[in-house]
Amino acid sequence: PEGQVSHVNIGLHWTAVLVEVAAEKRCGLASTLHSDHSHGVSDVPQAGQLENLPALELASFIQGDQPLMASLGMAAINALLPQQPETWVDLNAEEVIAEKGEGRAVVLIGHFPFVPRLKGKVGSLTVLELEPQPGDLPVSAASEVIPPADVVAITSMTLLNKTLEGLLALIQPKATVIMLGPTTPLSPVLFDYGINLLCGSVITQIEPVLAAVRQGANFRQVRQAGVRLVSTARSLDF
C-alpha cells in the first residue's frame, strides 16, 4: 500500500524508515550498504527531501544500482509490507539451520556470527562471503558448492546487492532454502521463488530503535532497543 513517510534515518550500520499507513505507524529496517565515494559526490541525491516523498517512491529505490539508495528502498518496503503476525513464530535461524542441516550439506551465503557454533552441528558447512574470512570461500565458488547442497541459507543482503536471482538459479529443487537477517522482507511473494523459510525482524519499539539507528548502533544494540526476531514458513510442515 501507499503510505506517508514520517522519518528517514540512515545510520552507520542500519537504515530505518517510518511510514504511516491508514493511521498506523510502521517502521522498517535494512542494513546500510556503503559505496566508495569522494567528497562532493552525494550518495543520497535527494538528501533533505526524502521525508517529502511518497513511501512507494522511496521503496522504488531498491531497483537502483546505488547501494545506499537500495538500503533506503528495502527499509521502506519492510515498513510498507502488510503485517501478518498470525504467521510469525519465534524461530532462531541458527537453530533451524542446525536442525535441517544435521548430517547434511549446508551452504551459508554470508558470514554470520554463529558460524563457529554451527560447524559442529551439521554434516558439512560451506560459507560463501563477498569479503571472505579464514575458512570462507569467495562468492565465485557459488556455482560449484550450491548445486549439491541440501540446505542453502542466504543472507537478505543479496536483495540489496542484486545477487539473489543468480544464487537461487543454482539451487536444486530438493534443497531447503532459508533467507535470514534483519533486512529480510516477511513477504510470501518470496515463497514463489523457492524459499522455504524467512527469518527477519519486526520493530516493536519505534522511537528507541530510531534513536539507536541514528546514533550508529550495531544490530545487537538495535535489537535491545526494541526488535523482535520472527520467522514465517512456506508451509506448516517446514
# chains A, B, ... in the order shown; residues from 1 in each chain; ligands from 1
>>> select_by_dssp(residues="region 67-140 of chain A", states="alpha helix (DSSP H)", output="MDAnalysis selection string")
chainID A and resid 67:80 93:100 115:118
>>> closest_atom_pairs(of="region 46-120 of chain A", to="region 174-193 of chain A", cutoff="10 Å", atoms="only C-alpha atoms", output="Markdown table")
| residue | atom | partner | partner_atom | distance |
| --- | --- | --- | --- | --- |
| A:Ser71 | CA | A:Thr183 | CA | 8.9 |
| A:Met74 | CA | A:Thr183 | CA | 7.4 |
| A:Ala75 | CA | A:Thr183 | CA | 7.6 |
| A:Ile77 | CA | A:Pro185 | CA | 7.5 |
| A:Asn78 | CA | A:Pro185 | CA | 5.7 |
| A:Ala79 | CA | A:Pro185 | CA | 9.3 |
| A:Leu81 | CA | A:Ser187 | CA | 7.2 |
| A:Pro82 | CA | A:Ser187 | CA | 8.3 |
| A:Gln83 | CA | A:Leu186 | CA | 8.2 |
| A:Gln84 | CA | A:Leu186 | CA | 8.7 |
| A:Thr87 | CA | A:Leu186 | CA | 9.6 |
| A:Trp88 | CA | A:Leu186 | CA | 8.9 |
| A:Asn92 | CA | A:Leu180 | CA | 9.7 |
| A:Ala93 | CA | A:Leu180 | CA | 6.7 |
| A:Glu94 | CA | A:Leu180 | CA | 9.4 |
| A:Val96 | CA | A:Ile178 | CA | 9.0 |
| A:Ile97 | CA | A:Ile178 | CA | 8.2 |
| A:Lys100 | CA | A:Thr176 | CA | 7.7 |
| A:Gly101 | CA | A:Thr176 | CA | 9.1 |
| A:Ala105 | CA | A:Ala175 | CA | 9.8 |
| A:Val106 | CA | A:Thr176 | CA | 9.4 |
| A:Val107 | CA | A:Val177 | CA | 9.8 |
| A:Leu108 | CA | A:Ile178 | CA | 9.4 |
| A:Ile109 | CA | A:Met179 | CA | 9.4 |
| A:Gly110 | CA | A:Leu180 | CA | 9.6 |
| A:Phe112 | CA | A:Gly181 | CA | 9.0 |
>>> write_last_selection(atoms="N, CA and C atoms", output="CSV table (one decimal), in the first residue's frame")
chain,number,residue,atom,x,y,z
A,71,SER,N,19.4,0.4,0.2
A,71,SER,CA,19.1,0.2,1.6
A,71,SER,C,17.8,1.0,2.0
A,74,MET,N,14.8,-0.8,0.6
A,74,MET,CA,14.4,-2.0,1.3
A,74,MET,C,13.8,-1.7,2.7
A,75,ALA,N,14.3,-0.7,3.4
A,75,ALA,CA,13.7,-0.3,4.6
A,75,ALA,C,12.3,0.2,4.4
A,77,ILE,N,10.3,-0.7,2.0
A,77,ILE,CA,9.5,-1.9,1.7
A,77,ILE,C,9.1,-2.6,3.0
A,78,ASN,N,10.1,-2.8,3.9
A,78,ASN,CA,9.8,-3.5,5.1
A,78,ASN,C,8.8,-2.7,6.0
A,79,ALA,N,8.8,-1.4,5.9
A,79,ALA,CA,7.8,-0.6,6.6
A,79,ALA,C,6.4,-0.8,6.0
A,81,LEU,N,5.1,-3.3,4.0
A,81,LEU,CA,4.6,-4.6,3.8
A,81,LEU,C,3.4,-4.9,4.8
A,82,PRO,N,2.3,-5.4,4.3
A,82,PRO,CA,1.2,-5.7,5.3
A,82,PRO,C,1.7,-6.7,6.3
A,83,GLN,N,1.4,-6.4,7.6
A,83,GLN,CA,1.9,-7.3,8.7
A,83,GLN,C,0.9,-8.4,8.9
A,84,GLN,N,1.5,-9.6,9.1
A,84,GLN,CA,0.6,-10.8,9.3
A,84,GLN,C,1.2,-11.6,10.5
A,87,THR,N,1.2,-15.3,11.2
A,87,THR,CA,2.1,-16.3,10.6
A,87,THR,C,3.5,-16.2,11.2
A,88,TRP,N,3.7,-15.4,12.1
A,88,TRP,CA,5.1,-15.2,12.7
A,88,TRP,C,5.3,-16.2,13.8
A,92,ASN,N,14.7,-19.2,15.8
A,92,ASN,CA,16.1,-18.8,15.7
A,92,ASN,C,16.7,-19.4,14.4
A,93,ALA,N,17.2,-18.5,13.5
A,93,ALA,CA,17.7,-19.0,12.3
A,93,ALA,C,18.9,-20.1,12.5
A,94,GLU,N,19.7,-19.8,13.4
A,94,GLU,CA,20.8,-20.7,13.7
A,94,GLU,C,20.3,-22.1,14.1
A,96,VAL,N,17.4,-23.4,13.3
A,96,VAL,CA,16.7,-24.0,12.2
A,96,VAL,C,17.7,-24.6,11.2
A,97,ILE,N,18.8,-23.9,11.0
A,97,ILE,CA,19.8,-24.4,10.0
A,97,ILE,C,20.5,-25.7,10.6
A,100,LYS,N,17.8,-28.6,10.3
A,100,LYS,CA,17.6,-29.0,8.9
A,100,LYS,C,19.0,-29.6,8.3
A,101,GLY,N,20.1,-29.1,8.9
A,101,GLY,CA,21.4,-29.5,8.3
A,101,GLY,C,22.1,-30.7,9.0
A,105,ALA,N,24.6,-31.5,3.8
A,105,ALA,CA,25.5,-30.5,3.3
A,105,ALA,C,24.8,-29.1,3.4
A,106,VAL,N,25.4,-28.2,4.1
A,106,VAL,CA,24.8,-26.8,4.2
A,106,VAL,C,25.7,-25.8,3.6
A,107,VAL,N,25.1,-24.9,2.8
A,107,VAL,CA,25.8,-23.7,2.3
A,107,VAL,C,25.2,-22.5,2.9
A,108,LEU,N,26.0,-21.7,3.5
A,108,LEU,CA,25.6,-20.4,4.1
A,108,LEU,C,26.2,-19.3,3.3
A,109,ILE,N,25.3,-18.5,2.8
A,109,ILE,CA,25.8,-17.3,2.0
A,109,ILE,C,25.7,-16.1,2.8
A,110,GLY,N,26.9,-15.7,3.2
A,110,GLY,CA,27.1,-14.6,4.2
A,110,GLY,C,27.7,-15.1,5.5
A,112,PHE,N,27.9,-15.2,9.2
A,112,PHE,CA,27.2,-14.8,10.3
A,112,PHE,C,27.9,-15.1,11.6
>>> atom_distance(atom1="CA of Leu197 (chain A)", atom2="CA of Thr163 (chain A)")
18.5 Å
>>> residues_around(residues="Gln4 (chain A)", least_positions_apart="3", cutoff="12 Å", atoms="only C-alpha atoms", output="mmCIF file with C-alpha atoms, in the first residue's frame")
data_model
loop_
_atom_site.group_PDB
_atom_site.id
_atom_site.type_symbol
_atom_site.label_atom_id
_atom_site.label_comp_id
_atom_site.auth_asym_id
_atom_site.auth_seq_id
_atom_site.Cartn_x
_atom_site.Cartn_y
_atom_site.Cartn_z
ATOM 1 C CA PRO A 1 0.000 0.000 0.000
ATOM 2 C CA HIS A 7 11.151 9.741 9.270
ATOM 3 C CA VAL A 8 14.199 8.513 7.391
ATOM 4 C CA VAL A 17 12.154 4.255 7.579
ATOM 5 C CA LEU A 18 8.995 5.214 9.469
ATOM 6 C CA VAL A 19 5.771 5.445 7.484
ATOM 7 C CA GLU A 20 2.121 5.954 8.276
ATOM 8 C CA VAL A 21 -0.362 3.655 6.550
ATOM 9 C CA ALA A 22 -4.073 4.025 7.305
ATOM 10 C CA ALA A 23 -3.298 5.942 10.532
ATOM 11 C CA GLU A 24 -0.902 3.194 11.651
ATOM 12 C CA LYS A 25 2.795 3.849 12.205
ATOM 13 C CA ARG A 26 5.111 1.199 10.779
ATOM 14 C CA CYS A 27 8.888 1.101 10.847
ATOM 15 C CA LEU A 50 13.318 12.136 1.400
ATOM 16 C CA GLU A 51 10.610 12.660 4.004
ATOM 17 C CA ASN A 52 8.565 14.592 1.422
ATOM 18 C CA LEU A 53 8.437 11.656 -0.999
ATOM 19 C CA PRO A 54 5.578 9.167 -1.289
ATOM 20 C CA ALA A 55 6.549 5.967 0.501
ATOM 21 C CA LEU A 56 6.241 3.889 -2.685
ATOM 22 C CA GLU A 57 8.701 6.185 -4.446
ATOM 23 C CA LEU A 58 11.130 5.648 -1.588
ATOM 24 C CA ALA A 59 10.561 1.893 -1.892
ATOM 25 C CA ALA A 76 10.695 1.421 3.056
ATOM 26 C CA ALA A 79 7.786 -0.643 6.602
ATOM 27 C CA LEU A 80 5.030 -0.863 3.980
#
>>> residues_around(residues="Gly120 (chain A)", least_positions_apart="5", cutoff="12 Å", atoms="only C-alpha atoms", output="count of residues only")
11
>>> atom_distance(atom1="CA of Asn9 (chain A)", atom2="CA of Val209 (chain A)")
10.2 Å
>>> atom_distance(atom1="CA of Thr232 (chain A)", atom2="CA of Val152 (chain A)")
16.5 Å
>>> closest_atom_pairs(of="region 125-235 of chain A", to="region 32-35 of chain A", cutoff="10 Å", atoms="only C-alpha atoms", output="tab-separated table")
residue	atom	partner	partner_atom	distance
A:Met157	CA	A:Leu33	CA	8.8
A:Leu160	CA	A:Leu33	CA	7.9
A:Asn161	CA	A:Leu33	CA	8.6
A:Thr183	CA	A:Thr32	CA	9.6
>>> closest_residue(among="A:Ile62, A:Met69, A:Leu118, A:Val202", to="Ile10 (chain A)", atoms="only C-alpha atoms")
A:Met69
>>> closest_residue(among="A:Leu130, A:Ile206, A:Leu198, A:Ala212", to="Asp90 (chain A)", atoms="only C-alpha atoms")
A:Leu198
>>> closest_residue(among="A:Gly64, A:Ser124, A:Pro138, A:Cys199", to="Ile154 (chain A)", atoms="only C-alpha atoms")
A:Cys199
>>> residues_around(residues="region 165-171 of chain A", least_positions_apart="5", cutoff="10 Å", atoms="only C-alpha atoms", output="PyMOL selection string")
chain A and resi 109+139+142-152+154+158-159+176-177+193-195
